[in-house]
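Raw contents of my_file_24.pdb, PDB, C-alpha atoms:
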```pdb
ATOM      1  CA  MET A   1      17.924 -17.753   2.298  1.00  0.00           C
ATOM      2  CA  SER A   2      15.947 -20.951   2.496  1.00  0.00           C
ATOM      3  CA  THR A   3      13.836 -22.056  -0.465  1.00  0.00           C
ATOM      4  CA  THR A   4      12.151 -24.902   1.348  1.00  0.00           C
ATOM      5  CA  ALA A   5       8.383 -25.313   1.483  1.00  0.00           C
ATOM      6  CA  HIS A   6       8.524 -24.265   5.141  1.00  0.00           C
ATOM      7  CA  PRO A   7      10.285 -20.910   5.451  1.00  0.00           C
ATOM      8  CA  THR A   8      12.133 -20.167   8.648  1.00  0.00           C
ATOM      9  CA  LYS A   9      11.290 -17.270  10.923  1.00  0.00           C
ATOM     10  CA  SER A  10      14.324 -15.472   9.503  1.00  0.00           C
ATOM     11  CA  ASP A  11      13.004 -16.032   5.951  1.00  0.00           C
ATOM     12  CA  LEU A  12       9.616 -14.578   6.893  1.00  0.00           C
ATOM     13  CA  VAL A  13      11.198 -11.531   8.534  1.00  0.00           C
ATOM     14  CA  SER A  14      13.358 -10.986   5.441  1.00  0.00           C
ATOM     15  CA  ARG A  15      10.362 -11.311   3.095  1.00  0.00           C
ATOM     16  CA  ALA A  16       8.274  -8.939   5.201  1.00  0.00           C
ATOM     17  CA  GLY A  17      11.182  -6.493   5.415  1.00  0.00           C
ATOM     18  CA  SER A  18      11.684  -6.566   1.653  1.00  0.00           C
ATOM     19  CA  GLY A  19       7.962  -6.022   1.205  1.00  0.00           C
ATOM     20  CA  ALA A  20       8.010  -3.096   3.644  1.00  0.00           C
ATOM     21  CA  VAL A  21      10.852  -1.442   1.723  1.00  0.00           C
ATOM     22  CA  ALA A  22       8.996  -2.034  -1.553  1.00  0.00           C
ATOM     23  CA  GLY A  23       5.810  -0.632   0.000  1.00  0.00           C
ATOM     24  CA  ILE A  24       7.603   2.506   1.138  1.00  0.00           C
ATOM     25  CA  VAL A  25       8.949   3.086  -2.380  1.00  0.00           C
ATOM     26  CA  GLY A  26       5.469   2.597  -3.830  1.00  0.00           C
ATOM     27  CA  GLY A  27       4.074   4.772  -1.044  1.00  0.00           C
ATOM     28  CA  VAL A  28       6.449   7.643  -1.823  1.00  0.00           C
ATOM     29  CA  VAL A  29       5.294   7.703  -5.448  1.00  0.00           C
ATOM     30  CA  PHE A  30       1.622   7.371  -4.483  1.00  0.00           C
ATOM     31  CA  GLY A  31       2.154  10.037  -1.804  1.00  0.00           C
ATOM     32  CA  MET A  32       3.509  12.451  -4.409  1.00  0.00           C
ATOM     33  CA  LEU A  33       0.387  11.893  -6.494  1.00  0.00           C
ATOM     34  CA  MET A  34      -1.779  12.511  -3.424  1.00  0.00           C
ATOM     35  CA  ALA A  35       0.172  15.681  -2.665  1.00  0.00           C
ATOM     36  CA  MET A  36      -0.529  16.980  -6.175  1.00  0.00           C
ATOM     37  CA  MET A  37      -4.245  16.341  -5.584  1.00  0.00           C
ATOM     38  CA  ASP A  38      -4.102  17.929  -2.085  1.00  0.00           C
ATOM     39  CA  MET A  39      -5.306  14.686  -0.453  1.00  0.00           C
ATOM     40  CA  LEU A  40      -2.614  14.354   2.234  1.00  0.00           C
ATOM     41  CA  PRO A  41      -4.327  16.564   4.863  1.00  0.00           C
ATOM     42  CA  MET A  42      -7.305  14.177   4.743  1.00  0.00           C
ATOM     43  CA  ILE A  43      -4.939  11.245   5.393  1.00  0.00           C
ATOM     44  CA  GLY A  44      -3.627  13.157   8.422  1.00  0.00           C
ATOM     45  CA  MET A  45      -7.203  13.391   9.683  1.00  0.00           C
ATOM     46  CA  LEU A  46      -7.054   9.618  10.226  1.00  0.00           C
ATOM     47  CA  VAL A  47      -4.985  10.447  13.324  1.00  0.00           C
ATOM     48  CA  GLY A  48      -6.854  13.666  14.070  1.00  0.00           C
ATOM     49  CA  VAL A  49      -4.366  16.101  12.477  1.00  0.00           C
ATOM     50  CA  GLU A  50      -5.375  17.832   9.246  1.00  0.00           C
ATOM     51  CA  ASN A  51      -1.851  18.372   7.945  1.00  0.00           C
ATOM     52  CA  ALA A  52      -0.090  17.255   4.748  1.00  0.00           C
ATOM     53  CA  VAL A  53       3.175  16.270   6.479  1.00  0.00           C
ATOM     54  CA  VAL A  54       1.346  14.189   9.087  1.00  0.00           C
ATOM     55  CA  GLY A  55      -0.780  12.707   6.294  1.00  0.00           C
ATOM     56  CA  PHE A  56       2.328  11.736   4.345  1.00  0.00           C
ATOM     57  CA  LEU A  57       3.855  10.052   7.410  1.00  0.00           C
ATOM     58  CA  VAL A  58       0.617   8.144   8.121  1.00  0.00           C
ATOM     59  CA  HIS A  59       0.514   7.129   4.470  1.00  0.00           C
ATOM     60  CA  LEU A  60       4.120   5.834   4.586  1.00  0.00           C
ATOM     61  CA  VAL A  61       3.456   3.780   7.719  1.00  0.00           C
ATOM     62  CA  ASN A  62       0.416   2.245   6.029  1.00  0.00           C
ATOM     63  CA  SER A  63       2.465   1.654   2.869  1.00  0.00           C
ATOM     64  CA  ALA A  64       5.180  -0.162   4.834  1.00  0.00           C
ATOM     65  CA  VAL A  65       2.672  -2.443   6.584  1.00  0.00           C
ATOM     66  CA  ILE A  66       0.728  -3.160   3.385  1.00  0.00           C
ATOM     67  CA  GLY A  67       4.025  -3.763   1.557  1.00  0.00           C
ATOM     68  CA  ALA A  68       5.219  -6.158   4.273  1.00  0.00           C
ATOM     69  CA  VAL A  69       2.060  -8.231   3.860  1.00  0.00           C
ATOM     70  CA  PHE A  70       2.569  -8.215   0.085  1.00  0.00           C
ATOM     71  CA  GLY A  71       6.152  -9.377   0.595  1.00  0.00           C
ATOM     72  CA  LEU A  72       4.914 -12.350   2.604  1.00  0.00           C
ATOM     73  CA  LEU A  73       2.136 -13.201   0.156  1.00  0.00           C
ATOM     74  CA  ALA A  74       4.035 -12.737  -3.108  1.00  0.00           C
ATOM     75  CA  TRP A  75       7.613 -13.775  -2.289  1.00  0.00           C
ATOM     76  CA  ASN A  76       7.404 -17.245  -3.816  1.00  0.00           C
ATOM     77  CA  PHE A  77       6.581 -15.880  -7.277  1.00  0.00           C
ATOM     78  CA  ALA A  78       8.241 -12.472  -6.945  1.00  0.00           C
ATOM     79  CA  GLY A  79      11.170 -13.702  -9.048  1.00  0.00           C
ATOM     80  CA  LYS A  80       8.966 -13.666 -12.164  1.00  0.00           C
ATOM     81  CA  ILE A  81       8.165 -10.169 -13.378  1.00  0.00           C
ATOM     82  CA  GLY A  82       4.813 -10.871 -15.054  1.00  0.00           C
ATOM     83  CA  PRO A  83       3.151 -12.701 -12.185  1.00  0.00           C
ATOM     84  CA  VAL A  84       4.419 -10.329  -9.513  1.00  0.00           C
ATOM     85  CA  LEU A  85       3.327  -7.225 -11.454  1.00  0.00           C
ATOM     86  CA  GLY A  86      -0.104  -8.768 -12.006  1.00  0.00           C
ATOM     87  CA  ALA A  87      -0.354  -9.602  -8.323  1.00  0.00           C
ATOM     88  CA  GLY A  88       0.780  -6.094  -7.406  1.00  0.00           C
ATOM     89  CA  MET A  89      -1.925  -4.530  -9.572  1.00  0.00           C
ATOM     90  CA  VAL A  90      -4.607  -6.763  -8.045  1.00  0.00           C
ATOM     91  CA  TYR A  91      -3.246  -6.090  -4.544  1.00  0.00           C
ATOM     92  CA  GLY A  92      -3.411  -2.338  -5.162  1.00  0.00           C
ATOM     93  CA  VAL A  93      -7.033  -2.610  -6.312  1.00  0.00           C
ATOM     94  CA  ILE A  94      -7.926  -4.732  -3.284  1.00  0.00           C
ATOM     95  CA  TRP A  95      -6.455  -2.058  -1.016  1.00  0.00           C
ATOM     96  CA  TRP A  96      -8.386   0.613  -2.904  1.00  0.00           C
ATOM     97  CA  VAL A  97     -11.609  -1.202  -2.035  1.00  0.00           C
ATOM     98  CA  LEU A  98     -10.561  -1.973   1.550  1.00  0.00           C
ATOM     99  CA  GLY A  99      -8.822   1.323   2.277  1.00  0.00           C
ATOM    100  CA  ALA A 100     -10.384   4.086   0.212  1.00  0.00           C
ATOM    101  CA  LEU A 101     -13.907   2.736  -0.064  1.00  0.00           C
ATOM    102  CA  ILE A 102     -14.402   1.079   3.345  1.00  0.00           C
ATOM    103  CA  LEU A 103     -11.817   1.650   6.089  1.00  0.00           C
ATOM    104  CA  MET A 104     -10.957   5.295   5.452  1.00  0.00           C
ATOM    105  CA  PRO A 105     -14.543   6.636   5.432  1.00  0.00           C
ATOM    106  CA  LEU A 106     -15.397   4.557   8.500  1.00  0.00           C
ATOM    107  CA  TRP A 107     -12.254   5.686  10.351  1.00  0.00           C
ATOM    108  CA  LEU A 108     -12.815   9.333   9.380  1.00  0.00           C
ATOM    109  CA  SER A 109     -16.382   9.070  10.680  1.00  0.00           C
ATOM    110  CA  VAL A 110     -14.803   8.491  14.104  1.00  0.00           C
ATOM    111  CA  THR A 111     -11.853  10.916  13.968  1.00  0.00           C
ATOM    112  CA  ALA A 112     -13.155  13.772  11.816  1.00  0.00           C
ATOM    113  CA  ASP A 113     -16.772  13.799  10.640  1.00  0.00           C
ATOM    114  CA  PRO A 114     -19.552  11.335  11.540  1.00  0.00           C
ATOM    115  CA  MET A 115     -21.087  11.929   8.085  1.00  0.00           C
ATOM    116  CA  MET A 116     -18.081  10.238   6.442  1.00  0.00           C
ATOM    117  CA  ARG A 117     -19.682   6.856   7.086  1.00  0.00           C
ATOM    118  CA  ASP A 118     -22.112   7.811   4.297  1.00  0.00           C
ATOM    119  CA  MET A 119     -19.111   7.715   1.921  1.00  0.00           C
ATOM    120  CA  VAL A 120     -18.561   3.941   2.282  1.00  0.00           C
ATOM    121  CA  PHE A 121     -18.596   2.427  -1.231  1.00  0.00           C
ATOM    122  CA  VAL A 122     -19.241   5.827  -2.830  1.00  0.00           C
ATOM    123  CA  VAL A 123     -17.243   6.148  -6.058  1.00  0.00           C
ATOM    124  CA  GLU A 124     -16.873   9.659  -7.455  1.00  0.00           C
ATOM    125  CA  THR A 125     -14.003  11.511  -9.162  1.00  0.00           C
ATOM    126  CA  ASP A 126     -11.694  11.446  -6.097  1.00  0.00           C
ATOM    127  CA  GLN A 127     -12.183   7.708  -5.658  1.00  0.00           C
ATOM    128  CA  TRP A 128     -11.350   7.015  -9.334  1.00  0.00           C
ATOM    129  CA  MET A 129      -8.149   9.008  -8.899  1.00  0.00           C
ATOM    130  CA  SER A 130      -7.474   6.997  -5.767  1.00  0.00           C
ATOM    131  CA  LEU A 131      -7.924   3.773  -7.750  1.00  0.00           C
ATOM    132  CA  MET A 132      -5.257   4.951 -10.196  1.00  0.00           C
ATOM    133  CA  GLY A 133      -2.921   5.760  -7.284  1.00  0.00           C
ATOM    134  CA  HIS A 134      -3.503   2.398  -5.607  1.00  0.00           C
ATOM    135  CA  ALA A 135      -2.847   0.544  -8.877  1.00  0.00           C
ATOM    136  CA  ILE A 136       0.388   2.507  -9.369  1.00  0.00           C
ATOM    137  CA  PHE A 137       1.334   1.763  -5.738  1.00  0.00           C
ATOM    138  CA  GLY A 138       0.764  -1.957  -6.354  1.00  0.00           C
ATOM    139  CA  LEU A 139       2.810  -1.990  -9.552  1.00  0.00           C
ATOM    140  CA  ILE A 140       5.741  -0.096  -8.055  1.00  0.00           C
ATOM    141  CA  THR A 141       5.685  -2.170  -4.871  1.00  0.00           C
ATOM    142  CA  ALA A 142       5.695  -5.345  -6.976  1.00  0.00           C
ATOM    143  CA  ALA A 143       8.522  -4.105  -9.220  1.00  0.00           C
ATOM    144  CA  VAL A 144      10.694  -3.200  -6.231  1.00  0.00           C
ATOM    145  CA  LEU A 145       9.931  -6.550  -4.559  1.00  0.00           C
ATOM    146  CA  TYR A 146      10.950  -8.270  -7.806  1.00  0.00           C
ATOM    147  CA  GLY A 147      14.286  -6.453  -7.728  1.00  0.00           C
ATOM    148  CA  LEU A 148      14.871  -7.183  -4.056  1.00  0.00           C
ATOM    149  CA  ARG A 149      14.068 -10.877  -4.499  1.00  0.00           C
ATOM    150  CA  ARG A 150      16.401 -11.202  -7.489  1.00  0.00           C
ATOM    151  CA  ARG A 151      19.110  -9.455  -5.493  1.00  0.00           C
ATOM    152  CA  ALA A 152      18.571 -11.829  -2.538  1.00  0.00           C
ATOM    153  CA  HIS A 153      18.978 -14.842  -4.827  1.00  0.00           C
ATOM    154  CA  SER A 154      22.021 -13.671  -6.780  1.00  0.00           C
TER
END
```
Would it be possible to restate this file's structure as structure tokens?
Amino acid sequence: MSTTAHPTKSDLVSRAGSGAVAGIVGGVVFGMLMAMMDMLPMIGMLVGVENAVVGFLVHLVNSAVIGAVFGLLAWNFAGKIGPVLGAGMVYGVIWWVLGALILMPLWLSVTADPMMRDMVFVVETDQWMSLMGHAIFGLITAAVLYGLRRRAHS
């Protein structure tokens, strides 16, 4: 794999793929937490199906995409555990704000309940639990990316 300042298309695909795998691992753990809190049916409502299995699948697709972006953004320092874990935590918090506090209520106001738009930037007990889950997602995604990057360079 190239370590030049200008990564090749193959390098970018590999970094995104590693990030997607890392995101899925983080997403599985976060998904288990959401299952324990009975939040997965609401995730399914993003595609119009109030079902935990559908919600888990939607969540994993989102986790893969978000992980792929993290892989592209963090690859250059993913070989150092401290920086990548810090970046993963921050990335998880950013996605909590973007996903749980903005995009999800807006999307649900279209697919499920128009009143959900009133939940944008509302932080109550469920949202604090979501913050914890997003931070855990970010840390696990970062840790897995760290391992995958070290493996790619060994």
Cut-off 12 Å around (13.1, -13.7, 6.3) with all atoms listed in the file: residues as a PDB file with C-alpha atoms, in the coordinates of the input:
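File produced: selection-v1.pdb:
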```pdb
ATOM      1  CA  MET A   1      17.924 -17.753   2.298  1.00  0.00           C
ATOM      2  CA  SER A   2      15.947 -20.951   2.496  1.00  0.00           C
ATOM      3  CA  THR A   3      13.836 -22.056  -0.465  1.00  0.00           C
ATOM      4  CA  HIS A   6       8.524 -24.265   5.141  1.00  0.00           C
ATOM      5  CA  PRO A   7      10.285 -20.910   5.451  1.00  0.00           C
ATOM      6  CA  THR A   8      12.133 -20.167   8.648  1.00  0.00           C
ATOM      7  CA  LYS A   9      11.290 -17.270  10.923  1.00  0.00           C
ATOM      8  CA  SER A  10      14.324 -15.472   9.503  1.00  0.00           C
ATOM      9  CA  ASP A  11      13.004 -16.032   5.951  1.00  0.00           C
ATOM     10  CA  LEU A  12       9.616 -14.578   6.893  1.00  0.00           C
ATOM     11  CA  VAL A  13      11.198 -11.531   8.534  1.00  0.00           C
ATOM     12  CA  SER A  14      13.358 -10.986   5.441  1.00  0.00           C
ATOM     13  CA  ARG A  15      10.362 -11.311   3.095  1.00  0.00           C
ATOM     14  CA  ALA A  16       8.274  -8.939   5.201  1.00  0.00           C
ATOM     15  CA  GLY A  17      11.182  -6.493   5.415  1.00  0.00           C
ATOM     16  CA  SER A  18      11.684  -6.566   1.653  1.00  0.00           C
ATOM     17  CA  GLY A  19       7.962  -6.022   1.205  1.00  0.00           C
ATOM     18  CA  ALA A  68       5.219  -6.158   4.273  1.00  0.00           C
ATOM     19  CA  GLY A  71       6.152  -9.377   0.595  1.00  0.00           C
ATOM     20  CA  LEU A  72       4.914 -12.350   2.604  1.00  0.00           C
ATOM     21  CA  TRP A  75       7.613 -13.775  -2.289  1.00  0.00           C
ATOM     22  CA  ARG A 149      14.068 -10.877  -4.499  1.00  0.00           C
ATOM     23  CA  ALA A 152      18.571 -11.829  -2.538  1.00  0.00           C
TER      24      ALA A 152
END
```
Result set of the PyMOL selection byres ((chain A and resi 44) around 9) on the coordinates above, as a ChimeraX atom specification: /A:40-43,45-59
Output the residue selection produced by the PyMOL selection byres ((chain A and resi 146) around 12) on the file above, formatted as a PDB file with C-alpha atoms, in the coordinates of the input.
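As a result, part_33.pdb now contains:
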```
ATOM      1  CA  ARG A  15      10.362 -11.311   3.095  1.00  0.00           C
ATOM      2  CA  SER A  18      11.684  -6.566   1.653  1.00  0.00           C
ATOM      3  CA  GLY A  19       7.962  -6.022   1.205  1.00  0.00           C
ATOM      4  CA  VAL A  21      10.852  -1.442   1.723  1.00  0.00           C
ATOM      5  CA  ALA A  22       8.996  -2.034  -1.553  1.00  0.00           C
ATOM      6  CA  PHE A  70       2.569  -8.215   0.085  1.00  0.00           C
ATOM      7  CA  GLY A  71       6.152  -9.377   0.595  1.00  0.00           C
ATOM      8  CA  ALA A  74       4.035 -12.737  -3.108  1.00  0.00           C
ATOM      9  CA  TRP A  75       7.613 -13.775  -2.289  1.00  0.00           C
ATOM     10  CA  ASN A  76       7.404 -17.245  -3.816  1.00  0.00           C
ATOM     11  CA  PHE A  77       6.581 -15.880  -7.277  1.00  0.00           C
ATOM     12  CA  ALA A  78       8.241 -12.472  -6.945  1.00  0.00           C
ATOM     13  CA  GLY A  79      11.170 -13.702  -9.048  1.00  0.00           C
ATOM     14  CA  LYS A  80       8.966 -13.666 -12.164  1.00  0.00           C
ATOM     15  CA  ILE A  81       8.165 -10.169 -13.378  1.00  0.00           C
ATOM     16  CA  GLY A  82       4.813 -10.871 -15.054  1.00  0.00           C
ATOM     17  CA  PRO A  83       3.151 -12.701 -12.185  1.00  0.00           C
ATOM     18  CA  VAL A  84       4.419 -10.329  -9.513  1.00  0.00           C
ATOM     19  CA  LEU A  85       3.327  -7.225 -11.454  1.00  0.00           C
ATOM     20  CA  GLY A  86      -0.104  -8.768 -12.006  1.00  0.00           C
ATOM     21  CA  ALA A  87      -0.354  -9.602  -8.323  1.00  0.00           C
ATOM     22  CA  GLY A  88       0.780  -6.094  -7.406  1.00  0.00           C
ATOM     23  CA  LEU A 139       2.810  -1.990  -9.552  1.00  0.00           C
ATOM     24  CA  ILE A 140       5.741  -0.096  -8.055  1.00  0.00           C
ATOM     25  CA  THR A 141       5.685  -2.170  -4.871  1.00  0.00           C
ATOM     26  CA  ALA A 142       5.695  -5.345  -6.976  1.00  0.00           C
ATOM     27  CA  ALA A 143       8.522  -4.105  -9.220  1.00  0.00           C
ATOM     28  CA  VAL A 144      10.694  -3.200  -6.231  1.00  0.00           C
ATOM     29  CA  LEU A 145       9.931  -6.550  -4.559  1.00  0.00           C
ATOM     30  CA  GLY A 147      14.286  -6.453  -7.728  1.00  0.00           C
ATOM     31  CA  LEU A 148      14.871  -7.183  -4.056  1.00  0.00           C
ATOM     32  CA  ARG A 149      14.068 -10.877  -4.499  1.00  0.00           C
ATOM     33  CA  ARG A 150      16.401 -11.202  -7.489  1.00  0.00           C
ATOM     34  CA  ARG A 151      19.110  -9.455  -5.493  1.00  0.00           C
ATOM     35  CA  ALA A 152      18.571 -11.829  -2.538  1.00  0.00           C
ATOM     36  CA  HIS A 153      18.978 -14.842  -4.827  1.00  0.00           C
TER      37      HIS A 153
END
```
Centre and edge lengths of an axis-aligned box around all listed atoms of range 43-60 of chain A, with 3 Å added on each side, are to be given in Å to one decimal, as JSON.
```
{"center_x": -1.5, "center_y": 12.1, "center_z": 9.2, "size_x": 17.3, "size_y": 18.5, "size_z": 15.7}
```
So what do you get for CA of Trp96 in chain A versus CA of Asp126 in chain A, distance-wise?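 We find that CA of Trp96 in chain A and CA of Asp126 in chain A lie 11.8 Å from each other.
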Using the chain letters and numbers from the file, give me the residues hit by the PyMOL selection byres ((chain A and resi 121) around 6), as a list in words.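 Written out, the selection comes to Leu101, Val120 and Val122 of chain A.
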Go through A:Ile24, A:Leu73, A:Ser63, A:Val93 and flag the residue nearest Met129 in chain A, using only C-alpha atoms for the distances.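 Going through A:Ile24, A:Leu73, A:Ser63, A:Val93 one by one, the smallest distance to Met129 in chain A is for A:Val93.
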How far is it from CA of Gly27 in chain A to CA of Ala135 in chain A, in Å with one decimal? 11.3 Å
What does the distance between CA of Gly23 in chain A and CA of Gly92 in chain A come to in Å, to one decimal place?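 So the two atoms, CA of Gly23 in chain A and CA of Gly92 in chain A, lie 10.7 Å apart.
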Shortest interatomic distance to Val28 in chain A - which of A:Ser154, A:Leu103, A:Phe137, A:Ala112, counting only C-alpha atoms: A:Phe137
Restricting the calculation to only C-alpha atoms, which member of A:Asp118, A:Trp95, A:Ser130, A:Glu124 is positioned closest to Asn62 in chain A?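 Checking each candidate against Asn62 in chain A, we get A:Trp95 as the closest.
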Shell around Ala20 in chain A at 7 Å using all atoms listed in the file, local window under 5 positions removed, as a list in words: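 Residues near the query, excluding close chain neighbours: Ala64, Val65, Gly67 and Ala68 of chain A.
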From the set A:Met115, A:Met37, A:Tyr91, A:Leu60, which residue has the shortest atom-to-atom contact distance to Ile136 in chain A, counting all atoms listed in the file?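 Answer, going by the shortest atom-to-atom distance: A:Tyr91.
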Can you put N, CA and C atoms back into range 4-33 of chain A and show it as a PDB file, in the coordinates of the input?
```pdb
ATOM      1  N   THR A   4      12.954 -23.746   1.016  1.00  0.00           N
ATOM      2  CA  THR A   4      12.151 -24.902   1.348  1.00  0.00           C
ATOM      3  C   THR A   4      10.684 -24.514   1.401  1.00  0.00           C
ATOM      4  N   ALA A   5       9.827 -25.552   1.421  1.00  0.00           N
ATOM      5  CA  ALA A   5       8.383 -25.313   1.483  1.00  0.00           C
ATOM      6  C   ALA A   5       7.990 -24.671   2.803  1.00  0.00           C
ATOM      7  N   HIS A   6       8.819 -24.825   3.820  1.00  0.00           N
ATOM      8  CA  HIS A   6       8.524 -24.265   5.141  1.00  0.00           C
ATOM      9  C   HIS A   6       9.581 -23.216   5.474  1.00  0.00           C
ATOM     10  N   PRO A   7       9.287 -21.945   5.180  1.00  0.00           N
ATOM     11  CA  PRO A   7      10.285 -20.910   5.451  1.00  0.00           C
ATOM     12  C   PRO A   7      10.542 -20.755   6.948  1.00  0.00           C
ATOM     13  N   THR A   8      11.768 -20.405   7.258  1.00  0.00           N
ATOM     14  CA  THR A   8      12.133 -20.167   8.648  1.00  0.00           C
ATOM     15  C   THR A   8      11.613 -18.810   9.094  1.00  0.00           C
ATOM     16  N   LYS A   9      11.693 -18.579  10.392  1.00  0.00           N
ATOM     17  CA  LYS A   9      11.290 -17.270  10.923  1.00  0.00           C
ATOM     18  C   LYS A   9      12.139 -16.171  10.302  1.00  0.00           C
ATOM     19  N   SER A  10      13.413 -16.428  10.127  1.00  0.00           N
ATOM     20  CA  SER A  10      14.324 -15.472   9.503  1.00  0.00           C
ATOM     21  C   SER A  10      13.905 -15.176   8.058  1.00  0.00           C
ATOM     22  N   ASP A  11      13.488 -16.221   7.320  1.00  0.00           N
ATOM     23  CA  ASP A  11      13.004 -16.032   5.951  1.00  0.00           C
ATOM     24  C   ASP A  11      11.778 -15.123   5.939  1.00  0.00           C
ATOM     25  N   LEU A  12      10.849 -15.371   6.843  1.00  0.00           N
ATOM     26  CA  LEU A  12       9.616 -14.578   6.893  1.00  0.00           C
ATOM     27  C   LEU A  12       9.902 -13.120   7.232  1.00  0.00           C
ATOM     28  N   VAL A  13      10.820 -12.902   8.172  1.00  0.00           N
ATOM     29  CA  VAL A  13      11.198 -11.531   8.534  1.00  0.00           C
ATOM     30  C   VAL A  13      11.837 -10.842   7.334  1.00  0.00           C
ATOM     31  N   SER A  14      12.702 -11.548   6.616  1.00  0.00           N
ATOM     32  CA  SER A  14      13.358 -10.986   5.441  1.00  0.00           C
ATOM     33  C   SER A  14      12.346 -10.655   4.345  1.00  0.00           C
ATOM     34  N   ARG A  15      11.392 -11.537   4.116  1.00  0.00           N
ATOM     35  CA  ARG A  15      10.362 -11.311   3.095  1.00  0.00           C
ATOM     36  C   ARG A  15       9.483 -10.116   3.475  1.00  0.00           C
ATOM     37  N   ALA A  16       9.092 -10.064   4.736  1.00  0.00           N
ATOM     38  CA  ALA A  16       8.274  -8.939   5.201  1.00  0.00           C
ATOM     39  C   ALA A  16       9.066  -7.637   5.119  1.00  0.00           C
ATOM     40  N   GLY A  17      10.337  -7.688   5.490  1.00  0.00           N
ATOM     41  CA  GLY A  17      11.182  -6.493   5.415  1.00  0.00           C
ATOM     42  C   GLY A  17      11.357  -6.009   3.987  1.00  0.00           C
ATOM     43  N   SER A  18      11.581  -6.942   3.067  1.00  0.00           N
ATOM     44  CA  SER A  18      11.684  -6.566   1.653  1.00  0.00           C
ATOM     45  C   SER A  18      10.372  -5.965   1.164  1.00  0.00           C
ATOM     46  N   GLY A  19       9.264  -6.557   1.575  1.00  0.00           N
ATOM     47  CA  GLY A  19       7.962  -6.022   1.205  1.00  0.00           C
ATOM     48  C   GLY A  19       7.727  -4.631   1.774  1.00  0.00           C
ATOM     49  N   ALA A  20       8.166  -4.416   3.017  1.00  0.00           N
ATOM     50  CA  ALA A  20       8.010  -3.096   3.644  1.00  0.00           C
ATOM     51  C   ALA A  20       8.799  -2.040   2.881  1.00  0.00           C
ATOM     52  N   VAL A  21      10.039  -2.375   2.512  1.00  0.00           N
ATOM     53  CA  VAL A  21      10.852  -1.442   1.723  1.00  0.00           C
ATOM     54  C   VAL A  21      10.158  -1.158   0.388  1.00  0.00           C
ATOM     55  N   ALA A  22       9.688  -2.201  -0.273  1.00  0.00           N
ATOM     56  CA  ALA A  22       8.996  -2.034  -1.553  1.00  0.00           C
ATOM     57  C   ALA A  22       7.741  -1.177  -1.374  1.00  0.00           C
ATOM     58  N   GLY A  23       7.003  -1.415  -0.281  1.00  0.00           N
ATOM     59  CA  GLY A  23       5.810  -0.632   0.000  1.00  0.00           C
ATOM     60  C   GLY A  23       6.113   0.833   0.244  1.00  0.00           C
ATOM     61  N   ILE A  24       7.215   1.104   0.909  1.00  0.00           N
ATOM     62  CA  ILE A  24       7.603   2.506   1.138  1.00  0.00           C
ATOM     63  C   ILE A  24       7.933   3.191  -0.187  1.00  0.00           C
ATOM     64  N   VAL A  25       8.642   2.494  -1.071  1.00  0.00           N
ATOM     65  CA  VAL A  25       8.949   3.086  -2.380  1.00  0.00           C
ATOM     66  C   VAL A  25       7.652   3.367  -3.144  1.00  0.00           C
ATOM     67  N   GLY A  26       6.761   2.382  -3.189  1.00  0.00           N
ATOM     68  CA  GLY A  26       5.469   2.597  -3.830  1.00  0.00           C
ATOM     69  C   GLY A  26       4.683   3.694  -3.144  1.00  0.00           C
ATOM     70  N   GLY A  27       4.775   3.757  -1.812  1.00  0.00           N
ATOM     71  CA  GLY A  27       4.074   4.772  -1.044  1.00  0.00           C
ATOM     72  C   GLY A  27       4.586   6.176  -1.297  1.00  0.00           C
ATOM     73  N   VAL A  28       5.890   6.318  -1.521  1.00  0.00           N
ATOM     74  CA  VAL A  28       6.449   7.643  -1.823  1.00  0.00           C
ATOM     75  C   VAL A  28       5.874   8.149  -3.144  1.00  0.00           C
ATOM     76  N   VAL A  29       5.836   7.286  -4.151  1.00  0.00           N
ATOM     77  CA  VAL A  29       5.294   7.703  -5.448  1.00  0.00           C
ATOM     78  C   VAL A  29       3.804   8.026  -5.321  1.00  0.00           C
ATOM     79  N   PHE A  30       3.049   7.138  -4.683  1.00  0.00           N
ATOM     80  CA  PHE A  30       1.622   7.371  -4.483  1.00  0.00           C
ATOM     81  C   PHE A  30       1.414   8.637  -3.648  1.00  0.00           C
ATOM     82  N   GLY A  31       2.253   8.841  -2.646  1.00  0.00           N
ATOM     83  CA  GLY A  31       2.154  10.037  -1.804  1.00  0.00           C
ATOM     84  C   GLY A  31       2.381  11.314  -2.593  1.00  0.00           C
ATOM     85  N   MET A  32       3.296  11.276  -3.561  1.00  0.00           N
ATOM     86  CA  MET A  32       3.509  12.451  -4.409  1.00  0.00           C
ATOM     87  C   MET A  32       2.267  12.746  -5.246  1.00  0.00           C
ATOM     88  N   LEU A  33       1.633  11.701  -5.746  1.00  0.00           N
ATOM     89  CA  LEU A  33       0.387  11.893  -6.494  1.00  0.00           C
ATOM     90  C   LEU A  33      -0.695  12.487  -5.594  1.00  0.00           C
TER      91      LEU A  33
END
```
